[in-house]
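Read through the structure below, which is laid out as structure tokens, and then see the notes.
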Amino acid sequence: MKFSKVSSKIVQDSLPYWGKIISILQQDNPEIVHLQWVEMNSTCRIRPNESILICPMQGAVRCKFGKVIGLFHCKDTDKILIACQMIRTKKFNHRYQAFDVQLQENVLAFDLSSLECSKTYTIHKPCYD
């Protein structure tokens, strides 16, 4: 796995979902930096605001689509963390062979190692209406 070298340090509480990041690490003052990209298996590159992942979920629903809104590296534990804005799938468009989706307000944060599927997807704005 590779990740971007250019990154910026995160000021605590600067993210609205900071508590979710901290709960994964179980540390009080971790040193966390933003990442511009993460590459897995030398074929899959994840970028904030460009990549859609199948996010691991708890409970009856095992996975759900999420738009990557943040990539982070915890220097203390050497973990890569991902924050995703969850996506609701409305229907499947057979003509375009694509899902019609809607972004939700809730954010899910998780460790990269918990991904079951390393494939990334993209969101395209419709050119029809």
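Residue names in the structure tokens use chain letters A, B, ... in the order shown, residue numbers from 1 in each chain, and ligand numbers from 1 in the order shown.
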
Do you know which residues are at most 8 Å from A:Ile52 counting only C-alpha atoms, after dropping those on the same chain fewer than 5 positions away, and could you put them as a PDB file with N, CA, C and O atoms, in the first residue's frame?
ATOM      1  N   PHE A  65     -22.861   1.885  -0.095  1.00  0.00           N
ATOM      2  CA  PHE A  65     -22.020   2.822  -0.830  1.00  0.00           C
ATOM      3  C   PHE A  65     -21.721   4.060   0.013  1.00  0.00           C
ATOM      4  O   PHE A  65     -22.579   4.549   0.735  1.00  0.00           O
ATOM      5  N   GLY A  66     -20.482   4.576  -0.106  1.00  0.00           N
ATOM      6  CA  GLY A  66     -20.106   5.802   0.569  1.00  0.00           C
ATOM      7  C   GLY A  66     -19.127   6.598  -0.281  1.00  0.00           C
ATOM      8  O   GLY A  66     -18.233   6.027  -0.909  1.00  0.00           O
ATOM      9  N   LYS A  67     -19.313   7.917  -0.317  1.00  0.00           N
ATOM     10  CA  LYS A  67     -18.409   8.816  -1.041  1.00  0.00           C
ATOM     11  C   LYS A  67     -17.280   9.216  -0.103  1.00  0.00           C
ATOM     12  O   LYS A  67     -17.519   9.730   0.999  1.00  0.00           O
ATOM     13  N   VAL A  68     -16.048   8.988  -0.508  1.00  0.00           N
ATOM     14  CA  VAL A  68     -14.894   9.312   0.335  1.00  0.00           C
ATOM     15  C   VAL A  68     -14.783  10.834   0.463  1.00  0.00           C
ATOM     16  O   VAL A  68     -14.692  11.539  -0.535  1.00  0.00           O
ATOM     17  N   THR A 120     -13.031   0.688  -6.471  1.00  0.00           N
ATOM     18  CA  THR A 120     -13.589   2.025  -6.309  1.00  0.00           C
ATOM     19  C   THR A 120     -14.533   2.329  -7.466  1.00  0.00           C
ATOM     20  O   THR A 120     -14.394   1.798  -8.560  1.00  0.00           O
ATOM     21  N   TYR A 121     -15.480   3.204  -7.196  1.00  0.00           N
ATOM     22  CA  TYR A 121     -16.465   3.637  -8.184  1.00  0.00           C
ATOM     23  C   TYR A 121     -16.436   5.160  -8.241  1.00  0.00           C
ATOM     24  O   TYR A 121     -15.792   5.806  -7.415  1.00  0.00           O
ATOM     25  N   THR A 122     -17.160   5.744  -9.191  1.00  0.00           N
ATOM     26  CA  THR A 122     -17.235   7.203  -9.290  1.00  0.00           C
ATOM     27  C   THR A 122     -18.688   7.640  -9.428  1.00  0.00           C
ATOM     28  O   THR A 122     -19.545   6.861  -9.846  1.00  0.00           O
ATOM     29  N   ILE A 123     -18.940   8.887  -9.072  1.00  0.00           N
ATOM     30  CA  ILE A 123     -20.265   9.480  -9.253  1.00  0.00           C
ATOM     31  C   ILE A 123     -20.215  10.348 -10.503  1.00  0.00           C
ATOM     32  O   ILE A 123     -19.279  11.128 -10.689  1.00  0.00           O
TER      33      ILE A 123
END

Taking the backbone alone, and naming residues the way the document does, which bits of chain A are strand (DSSP E or B) by DSSP, as a VMD selection string? chain A and resid 2 to 3 9 32 to 34 38 to 40 44 to 46 52 to 56 63 to 74 79 to 93 98 to 111 121

Excluding A:Cys44 and its own-chain neighbours fewer than 2 positions away, which residues fall within 12 Å of it when counting only C-alpha atoms? Please give them as a ChimeraX atom specification. /A:1-3,37-42,46-47,51-53,117-121

From chain A, collect each residue whose DSSP state is alpha helix (DSSP H) and return the set as an mmCIF file with N, CA, C and O atoms, in the first residue's frame.
data_model
loop_
_atom_site.group_PDB
_atom_site.id
_atom_site.type_symbol
_atom_site.label_atom_id
_atom_site.label_comp_id
_atom_site.auth_asym_id
_atom_site.auth_seq_id
_atom_site.Cartn_x
_atom_site.Cartn_y
_atom_site.Cartn_z
ATOM 1 N N TRP A 18 -14.814 14.261 13.925
ATOM 2 C CA TRP A 18 -13.589 13.970 14.675
ATOM 3 C C TRP A 18 -13.813 12.858 15.703
ATOM 4 O O TRP A 18 -12.986 11.970 15.874
ATOM 5 N N GLY A 19 -14.949 12.868 16.379
ATOM 6 C CA GLY A 19 -15.249 11.852 17.396
ATOM 7 C C GLY A 19 -15.263 10.443 16.817
ATOM 8 O O GLY A 19 -14.864 9.490 17.483
ATOM 9 N N LYS A 20 -15.716 10.294 15.591
ATOM 10 C CA LYS A 20 -15.744 8.980 14.951
ATOM 11 C C LYS A 20 -14.331 8.491 14.653
ATOM 12 O O LYS A 20 -14.047 7.303 14.760
ATOM 13 N N ILE A 21 -13.441 9.405 14.275
ATOM 14 C CA ILE A 21 -12.040 9.055 14.011
ATOM 15 C C ILE A 21 -11.374 8.601 15.315
ATOM 16 O O ILE A 21 -10.701 7.579 15.363
ATOM 17 N N ILE A 22 -11.578 9.354 16.379
ATOM 18 C CA ILE A 22 -10.982 9.049 17.679
ATOM 19 C C ILE A 22 -11.482 7.696 18.209
ATOM 20 O O ILE A 22 -10.716 6.922 18.773
ATOM 21 N N SER A 23 -12.770 7.398 17.984
ATOM 22 C CA SER A 23 -13.313 6.137 18.499
ATOM 23 C C SER A 23 -12.669 4.923 17.825
ATOM 24 O O SER A 23 -12.570 3.859 18.428
ATOM 25 N N ILE A 24 -12.223 5.072 16.585
ATOM 26 C CA ILE A 24 -11.544 3.971 15.898
ATOM 27 C C ILE A 24 -10.158 3.749 16.499
ATOM 28 O O ILE A 24 -9.735 2.621 16.716
ATOM 29 N N LEU A 25 -9.455 4.854 16.775
ATOM 30 C CA LEU A 25 -8.071 4.766 17.262
ATOM 31 C C LEU A 25 -7.973 4.466 18.744
ATOM 32 O O LEU A 25 -6.968 3.926 19.203
#
